[in-house]
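*Asks:* Questions regarding the structure given below will be posed in turn.
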Number of protein chains: 2
Amino acid sequence: MKALENKILEEGIVLGNDILKVDSFLNHQIDVELIDKIGEEFANYFKDKNVDKILTVESSGIAPALATAQRLGVNCVFARKKQSLTTDENIYHSSVYSFTKQVMNELIVSKKFINEGENILMIDDFLANGQAAKGMIAIIRQAGANPVGCGIVIEKSFSNGRQIIEDMDIPVYSLARIAKLEPGKIVFEEN
Amino acid sequence: MKALENKILEEGIVLGNDILKVDSFLNHQIDVELIDKIGEEFANYFKDKNVDKILTVESSGIAPALATAQRLGVNCVFARKKQSLTTDENIYHSSVYSFTKQVMNELIVSKKFINEGENILMIDDFLANGQAAKGMIAIIRQAGANPVGCGIVIEKSFSNGRQIIEDMDIPVYSLARIAKLEPGKIVFEEN
């Protein structure tokens, strides 16, 4: 998505060799015009998947998930992150490791909000090692629902996240795919 | 807002005498149709305030803030919550106590995203003791910006939050005002 790639080039800040800060439009400040375009693009791409609900992870996933949900006319659920293991028979949970923050998080979704047989579209801000997506997929499967796709705003294609998800036969659609990240230099995958 | 009051009566769950769970449409699952109406209502109410930007707090404030930002055609910023004091000259921060979770949180906003002289509309999911709003106001003032209003989805009007904000001459607009909360019983303020 050209508008997103341009925004990343203009405002993205590279820290070290694998962290991209996009605080000015996605992760802290939300550019409302861009987020609407992101929602439109995901909704259009996944329109034939009979999506019943969207699943994302707090906090940065909420804006693109909501924008997509608005376009598809479905509700969205955001998984809560906790740093302690919660045992509660009313929730689905899954442990995921955050490489960026180097902590183990527990993803939590109330059993009430994902139902057997539903088609669930996952949306997230970043895909790198696929940990958050794996966690969401585990929760969707615990519920007996179907993970019908995974929409990613920014993919670090030099990591193995896409492979992990595609190996489970779940289609991945990323709006920007970054092949190389160096201080002062962001290289996108050729289309 | 009648549609919201009805939703609270149908799906809200009262825990103890002052906790209202609205996980099914606001805090965990987001009812997209309702959230759009919430955004429309806030945007309409605050339309003469020349709002430059919306400020909220992660995670539950993001959906109503974004829906309002879409209607007003402005960007929105969500303050990050941390449980440890962060010292970084590039951020504004403010300490707020969460009565619900009984923890001290640090609200954090990058200095880049709130500018001197801007008119900032605050949006949040709940108002009870006004701690989160006070934290946002402190940050807006640190930036030399103007807190032009505070839009609240659900106000616990038996707490003193509204008073605290109105004493600072900041208008508060709540879409549902709860006068009394008991297990099995939710009483709204008379209009």
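All residue names refer to the structure tokens as shown: chains lettered A, B, ... in order, residues numbered from 1 in each chain, ligands numbered from 1 in order.
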For Asn115 in chain A, list every protein, DNA or RNA residue within 10 Å, evaluated using only C-alpha atoms, and leave out those in the same chain fewer than 6 positions away; present the list as a list in words.
*Replies:*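 My list of contacting residues is Asp52, Lys53, Ile140, Gln142, Ala143, Gly144, Ala145 and Asn146 of chain A.
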*Asks:* If you run DSSP over the backbone, which residues in range 15-144 of chain A end up strand (DSSP E)? Put them as a VMD selection string.
*Replies:* chain A and resid 15 19 to 21 29 to 30 53 to 57 75 to 82 91 to 98 103 to 110 119 to 127
*Asks:* Here is a test: counting only C-alpha atoms, which residue of B:Met1, B:Val103, B:Leu26, B:Ile152 is nearest to Gly130 in chain B?
*Replies:* B:Ile152
*Asks:* Give me the residues of chain A that have any atom at most 10 Å from an atom of chain B; for each, the nearest atom pair and the distance in Å, rounded to one decimal. Use only C-alpha atoms, sort by chain and number, and format it as JSON lines.
*Replies:*
```
{"residue": "A:Asp23", "atom": "CA", "partner": "B:Ser110", "partner_atom": "CA", "distance": 8.8}
{"residue": "A:Ser24", "atom": "CA", "partner": "B:Phe113", "partner_atom": "CA", "distance": 7.4}
{"residue": "A:Phe25", "atom": "CA", "partner": "B:Asn75", "partner_atom": "CA", "distance": 8.6}
{"residue": "A:Leu26", "atom": "CA", "partner": "B:Val77", "partner_atom": "CA", "distance": 9.4}
{"residue": "A:Asn27", "atom": "CA", "partner": "B:Phe78", "partner_atom": "CA", "distance": 8.4}
{"residue": "A:His28", "atom": "CA", "partner": "B:Phe78", "partner_atom": "CA", "distance": 5.6}
{"residue": "A:Gln29", "atom": "CA", "partner": "B:Val77", "partner_atom": "CA", "distance": 4.1}
{"residue": "A:Ile30", "atom": "CA", "partner": "B:Cys76", "partner_atom": "CA", "distance": 5.3}
{"residue": "A:Asp31", "atom": "CA", "partner": "B:Asn75", "partner_atom": "CA", "distance": 5.2}
{"residue": "A:Val32", "atom": "CA", "partner": "B:Asn75", "partner_atom": "CA", "distance": 5.3}
{"residue": "A:Glu33", "atom": "CA", "partner": "B:Gln70", "partner_atom": "CA", "distance": 7.8}
{"residue": "A:Leu34", "atom": "CA", "partner": "B:Asn75", "partner_atom": "CA", "distance": 9.9}
{"residue": "A:Ile35", "atom": "CA", "partner": "B:Gln70", "partner_atom": "CA", "distance": 9.5}
{"residue": "A:Asp36", "atom": "CA", "partner": "B:Gln70", "partner_atom": "CA", "distance": 8.4}
{"residue": "A:Lys53", "atom": "CA", "partner": "B:Gln29", "partner_atom": "CA", "distance": 9.7}
{"residue": "A:Ile54", "atom": "CA", "partner": "B:Gln29", "partner_atom": "CA", "distance": 9.4}
{"residue": "A:Leu55", "atom": "CA", "partner": "B:Gln29", "partner_atom": "CA", "distance": 9.0}
{"residue": "A:Val57", "atom": "CA", "partner": "B:Ser59", "partner_atom": "CA", "distance": 9.9}
{"residue": "A:Glu58", "atom": "CA", "partner": "B:Ser59", "partner_atom": "CA", "distance": 6.3}
{"residue": "A:Ser59", "atom": "CA", "partner": "B:Ser59", "partner_atom": "CA", "distance": 5.3}
{"residue": "A:Ser60", "atom": "CA", "partner": "B:Ser59", "partner_atom": "CA", "distance": 8.5}
{"residue": "A:Gly61", "atom": "CA", "partner": "B:Ser59", "partner_atom": "CA", "distance": 9.9}
{"residue": "A:Ile62", "atom": "CA", "partner": "B:Ala63", "partner_atom": "CA", "distance": 7.1}
{"residue": "A:Ala63", "atom": "CA", "partner": "B:Ala63", "partner_atom": "CA", "distance": 7.0}
{"residue": "A:Ala65", "atom": "CA", "partner": "B:Ala63", "partner_atom": "CA", "distance": 9.8}
{"residue": "A:Leu66", "atom": "CA", "partner": "B:Ala63", "partner_atom": "CA", "distance": 7.1}
{"residue": "A:Ala67", "atom": "CA", "partner": "B:Leu66", "partner_atom": "CA", "distance": 9.0}
{"residue": "A:Ala69", "atom": "CA", "partner": "B:Val32", "partner_atom": "CA", "distance": 6.9}
{"residue": "A:Gln70", "atom": "CA", "partner": "B:Val32", "partner_atom": "CA", "distance": 6.1}
{"residue": "A:Arg71", "atom": "CA", "partner": "B:Val32", "partner_atom": "CA", "distance": 9.7}
{"residue": "A:Leu72", "atom": "CA", "partner": "B:Val32", "partner_atom": "CA", "distance": 9.9}
{"residue": "A:Gly73", "atom": "CA", "partner": "B:Val32", "partner_atom": "CA", "distance": 7.3}
{"residue": "A:Val74", "atom": "CA", "partner": "B:Val32", "partner_atom": "CA", "distance": 6.7}
{"residue": "A:Asn75", "atom": "CA", "partner": "B:Asp31", "partner_atom": "CA", "distance": 5.2}
{"residue": "A:Cys76", "atom": "CA", "partner": "B:Ile30", "partner_atom": "CA", "distance": 5.3}
{"residue": "A:Val77", "atom": "CA", "partner": "B:Gln29", "partner_atom": "CA", "distance": 4.1}
{"residue": "A:Phe78", "atom": "CA", "partner": "B:His28", "partner_atom": "CA", "distance": 5.6}
{"residue": "A:Ala79", "atom": "CA", "partner": "B:His28", "partner_atom": "CA", "distance": 7.1}
{"residue": "A:Arg80", "atom": "CA", "partner": "B:His28", "partner_atom": "CA", "distance": 7.7}
{"residue": "A:Ile108", "atom": "CA", "partner": "B:His28", "partner_atom": "CA", "distance": 9.9}
{"residue": "A:Val109", "atom": "CA", "partner": "B:His28", "partner_atom": "CA", "distance": 8.0}
{"residue": "A:Ser110", "atom": "CA", "partner": "B:His28", "partner_atom": "CA", "distance": 8.2}
{"residue": "A:Lys112", "atom": "CA", "partner": "B:Ser24", "partner_atom": "CA", "distance": 8.3}
{"residue": "A:Phe113", "atom": "CA", "partner": "B:Gln29", "partner_atom": "CA", "distance": 6.8}
{"residue": "A:Ile114", "atom": "CA", "partner": "B:Gln29", "partner_atom": "CA", "distance": 9.6}
```
*Asks:* Output, as a CSV table (one decimal) with C-alpha atoms, in the first residue's frame, the coordinates of chain A following least-squares superposition onto chain B across all in-order C-alpha pairs.
*Replies:*
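Full text of out_2.csv as output:
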```csv
chain,number,residue,atom,x,y,z
A,1,MET,CA,-27.7,8.4,24.9
A,2,LYS,CA,-30.5,6.0,24.9
A,3,ALA,CA,-28.9,3.3,22.8
A,4,LEU,CA,-26.0,3.1,25.2
A,5,GLU,CA,-28.2,3.0,28.3
A,6,ASN,CA,-30.2,0.2,26.8
A,7,LYS,CA,-27.0,-1.7,26.0
A,8,ILE,CA,-25.7,-1.2,29.5
A,9,LEU,CA,-29.0,-2.5,31.0
A,10,GLU,CA,-29.0,-5.5,28.6
A,11,GLU,CA,-25.3,-6.5,28.8
A,12,GLY,CA,-23.6,-4.7,31.7
A,13,ILE,CA,-22.6,-6.9,34.6
A,14,VAL,CA,-22.3,-5.3,38.1
A,15,LEU,CA,-19.6,-6.7,40.3
A,16,GLY,CA,-19.7,-5.6,44.0
A,17,ASN,CA,-21.1,-2.1,44.5
A,18,ASP,CA,-19.0,-0.1,42.1
A,19,ILE,CA,-17.7,-2.1,39.2
A,20,LEU,CA,-19.6,-2.3,36.0
A,21,LYS,CA,-18.3,-4.8,33.4
A,22,VAL,CA,-19.1,-3.8,29.8
A,23,ASP,CA,-16.8,-6.3,28.2
A,24,SER,CA,-19.3,-7.3,25.6
A,25,PHE,CA,-19.4,-4.0,23.7
A,26,LEU,CA,-16.8,-1.5,25.0
A,27,ASN,CA,-13.8,-3.0,26.9
A,28,HIS,CA,-12.9,-6.3,25.3
A,29,GLN,CA,-15.4,-6.8,22.5
A,30,ILE,CA,-16.2,-3.6,20.6
A,31,ASP,CA,-19.7,-3.2,19.2
A,32,VAL,CA,-18.8,-1.4,16.0
A,33,GLU,CA,-22.3,0.0,15.3
A,34,LEU,CA,-22.5,1.4,18.9
A,35,ILE,CA,-19.0,2.8,18.8
A,36,ASP,CA,-19.8,4.7,15.6
A,37,LYS,CA,-22.8,6.3,17.3
A,38,ILE,CA,-20.7,7.2,20.3
A,39,GLY,CA,-18.2,8.9,18.0
A,40,GLU,CA,-20.9,10.8,16.2
A,41,GLU,CA,-22.4,12.0,19.5
A,42,PHE,CA,-19.1,13.3,20.9
A,43,ALA,CA,-18.2,14.9,17.6
A,44,ASN,CA,-21.5,16.7,17.5
A,45,TYR,CA,-21.4,17.9,21.1
A,46,PHE,CA,-17.8,19.2,20.9
A,47,LYS,CA,-18.0,20.5,17.3
A,48,ASP,CA,-17.6,24.2,18.2
A,49,LYS,CA,-14.5,23.6,20.3
A,50,ASN,CA,-12.1,23.8,17.3
A,51,VAL,CA,-10.6,20.5,18.4
A,52,ASP,CA,-7.1,19.9,17.0
A,53,LYS,CA,-6.5,16.5,18.5
A,54,ILE,CA,-8.0,13.8,20.7
A,55,LEU,CA,-6.2,12.4,23.7
A,56,THR,CA,-7.2,9.1,25.4
A,57,VAL,CA,-5.6,6.4,27.5
A,58,GLU,CA,-4.8,2.8,26.3
A,59,SER,CA,-6.5,0.4,25.9
A,60,SER,CA,-10.2,0.9,26.4
A,61,GLY,CA,-10.2,4.5,25.4
A,62,ILE,CA,-8.9,3.9,22.0
A,63,ALA,CA,-12.1,2.8,20.2
A,64,PRO,CA,-14.4,5.7,21.3
A,65,ALA,CA,-11.5,8.1,20.8
A,66,LEU,CA,-10.9,6.9,17.3
A,67,ALA,CA,-14.6,6.9,16.4
A,68,THR,CA,-14.8,10.5,17.6
A,69,ALA,CA,-11.5,11.5,15.7
A,70,GLN,CA,-12.9,10.1,12.5
A,71,ARG,CA,-16.0,12.2,12.8
A,72,LEU,CA,-14.1,15.4,13.7
A,73,GLY,CA,-11.4,14.7,11.0
A,74,VAL,CA,-8.5,15.0,13.5
A,75,ASN,CA,-5.8,12.6,14.7
A,76,CYS,CA,-5.8,11.0,18.1
A,77,VAL,CA,-3.1,10.1,20.6
A,78,PHE,CA,-3.3,7.4,23.2
A,79,ALA,CA,-1.4,7.8,26.4
A,80,ARG,CA,0.6,4.7,27.3
A,81,LYS,CA,0.3,3.3,30.8
A,82,LYS,CA,3.4,2.1,32.6
A,83,GLN,CA,3.7,0.8,36.1
A,84,SER,CA,7.2,2.1,36.6
A,85,LEU,CA,8.4,5.7,36.6
A,86,THR,CA,10.0,6.5,33.3
A,87,THR,CA,12.5,9.4,33.0
A,88,ASP,CA,12.9,10.5,29.5
A,89,GLU,CA,13.2,14.1,28.5
A,90,ASN,CA,11.2,13.5,25.4
A,91,ILE,CA,8.0,12.5,27.1
A,92,TYR,CA,5.3,14.1,29.3
A,93,HIS,CA,4.2,12.0,32.2
A,94,SER,CA,1.8,12.1,35.0
A,95,SER,CA,1.1,9.6,37.9
A,96,VAL,CA,-2.4,8.4,38.4
A,97,TYR,CA,-3.9,5.9,40.8
A,98,SER,CA,-6.3,3.3,39.6
A,99,PHE,CA,-8.9,2.6,42.3
A,100,THR,CA,-10.2,-0.4,40.3
A,101,LYS,CA,-6.9,-2.1,40.0
A,102,GLN,CA,-5.3,-0.5,43.1
A,103,VAL,CA,-2.1,0.3,41.3
A,104,MET,CA,-0.2,3.5,40.5
A,105,ASN,CA,0.1,4.0,36.8
A,106,GLU,CA,2.3,6.4,34.9
A,107,LEU,CA,0.6,8.0,31.9
A,108,ILE,CA,3.1,8.7,29.2
A,109,VAL,CA,2.8,10.9,26.0
A,110,SER,CA,5.6,11.7,23.6
A,111,LYS,CA,6.3,15.4,23.5
A,112,LYS,CA,6.1,15.3,19.7
A,113,PHE,CA,2.4,14.7,19.7
A,114,ILE,CA,0.9,17.4,21.8
A,115,ASN,CA,1.9,20.9,20.8
A,116,GLU,CA,1.6,24.3,22.5
A,117,GLY,CA,-1.6,26.1,21.8
A,118,GLU,CA,-3.5,23.0,20.5
A,119,ASN,CA,-7.1,22.4,21.5
A,120,ILE,CA,-7.2,18.9,23.0
A,121,LEU,CA,-10.4,16.9,23.5
A,122,MET,CA,-10.1,14.1,26.0
A,123,ILE,CA,-12.1,10.9,25.5
A,124,ASP,CA,-12.3,8.0,27.9
A,125,ASP,CA,-14.5,4.9,28.5
A,126,PHE,CA,-15.1,5.5,32.2
A,127,LEU,CA,-15.2,8.4,34.6
A,128,ALA,CA,-15.3,7.6,38.3
A,129,ASN,CA,-12.7,9.3,40.5
A,130,GLY,CA,-11.3,11.4,37.7
A,131,GLN,CA,-7.8,10.1,38.1
A,132,ALA,CA,-7.1,9.3,34.4
A,133,ALA,CA,-8.7,12.6,33.3
A,134,LYS,CA,-6.5,14.5,35.8
A,135,GLY,CA,-3.5,12.7,34.4
A,136,MET,CA,-4.4,13.7,30.9
A,137,ILE,CA,-5.1,17.3,31.9
A,138,ALA,CA,-1.7,17.5,33.6
A,139,ILE,CA,0.0,16.3,30.4
A,140,ILE,CA,-2.0,18.7,28.2
A,141,ARG,CA,-0.9,21.6,30.5
A,142,GLN,CA,2.7,20.5,30.5
A,143,ALA,CA,2.6,20.9,26.8
A,144,GLY,CA,1.0,24.3,27.0
A,145,ALA,CA,-2.0,23.0,25.1
A,146,ASN,CA,-5.7,23.6,26.0
A,147,PRO,CA,-8.0,20.9,27.4
A,148,VAL,CA,-11.2,22.0,25.7
A,149,GLY,CA,-13.4,19.2,26.9
A,150,CYS,CA,-13.8,15.7,28.3
A,151,GLY,CA,-16.1,13.1,26.6
A,152,ILE,CA,-16.9,10.1,28.7
A,153,VAL,CA,-18.8,7.0,27.6
A,154,ILE,CA,-19.9,5.9,31.1
A,155,GLU,CA,-19.8,8.1,34.2
A,156,LYS,CA,-20.2,6.9,37.7
A,157,SER,CA,-21.9,10.0,38.9
A,158,PHE,CA,-21.8,8.7,42.5
A,159,SER,CA,-18.1,9.4,42.4
A,160,ASN,CA,-16.5,12.8,42.4
A,161,GLY,CA,-14.7,12.7,39.0
A,162,ARG,CA,-17.0,15.2,37.2
A,163,GLN,CA,-16.6,17.7,40.0
A,164,ILE,CA,-12.8,17.6,39.8
A,165,ILE,CA,-12.8,18.3,36.1
A,166,GLU,CA,-15.5,20.9,36.1
A,167,ASP,CA,-13.7,22.7,38.9
A,168,MET,CA,-10.9,23.3,36.4
A,169,ASP,CA,-13.5,24.9,34.0
A,170,ILE,CA,-13.3,22.0,31.6
A,171,PRO,CA,-16.7,20.8,30.3
A,172,VAL,CA,-17.6,17.2,30.8
A,173,TYR,CA,-20.1,15.4,28.6
A,174,SER,CA,-21.0,11.8,29.5
A,175,LEU,CA,-23.2,9.6,27.4
A,176,ALA,CA,-24.5,7.5,30.3
A,177,ARG,CA,-24.5,8.7,33.9
A,178,ILE,CA,-24.9,6.0,36.5
A,179,ALA,CA,-26.4,7.2,39.8
A,180,LYS,CA,-26.5,3.8,41.5
A,181,LEU,CA,-24.9,0.5,40.9
A,182,GLU,CA,-25.9,-2.6,42.8
A,183,PRO,CA,-25.8,-6.3,41.9
A,184,GLY,CA,-28.7,-6.7,39.4
A,185,LYS,CA,-29.6,-3.0,39.5
A,186,ILE,CA,-28.3,-0.1,37.4
A,187,VAL,CA,-29.9,3.3,37.9
A,188,PHE,CA,-29.2,6.1,35.6
A,189,GLU,CA,-29.4,9.8,36.5
A,190,GLU,CA,-32.7,11.4,35.5
A,191,ASN,CA,-32.2,13.8,32.5
```
*Asks:* I need the alpha helix (DSSP H) residues of range 67-176 of chain B per DSSP on the backbone, written as a list in words.
*Replies:*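 Across range 67-176 of chain B, those assigned alpha helix (DSSP H) are Ala67, Thr68, Ala69, Gln70, Arg71, Leu72, Gln131, Ala132, Ala133, Lys134, Gly135, Met136, Ile137, Ala138, Ile139, Ile140, Arg141, Gln142, Gly161, Arg162, Gln163, Ile164, Ile165 and Glu166 of chain B.
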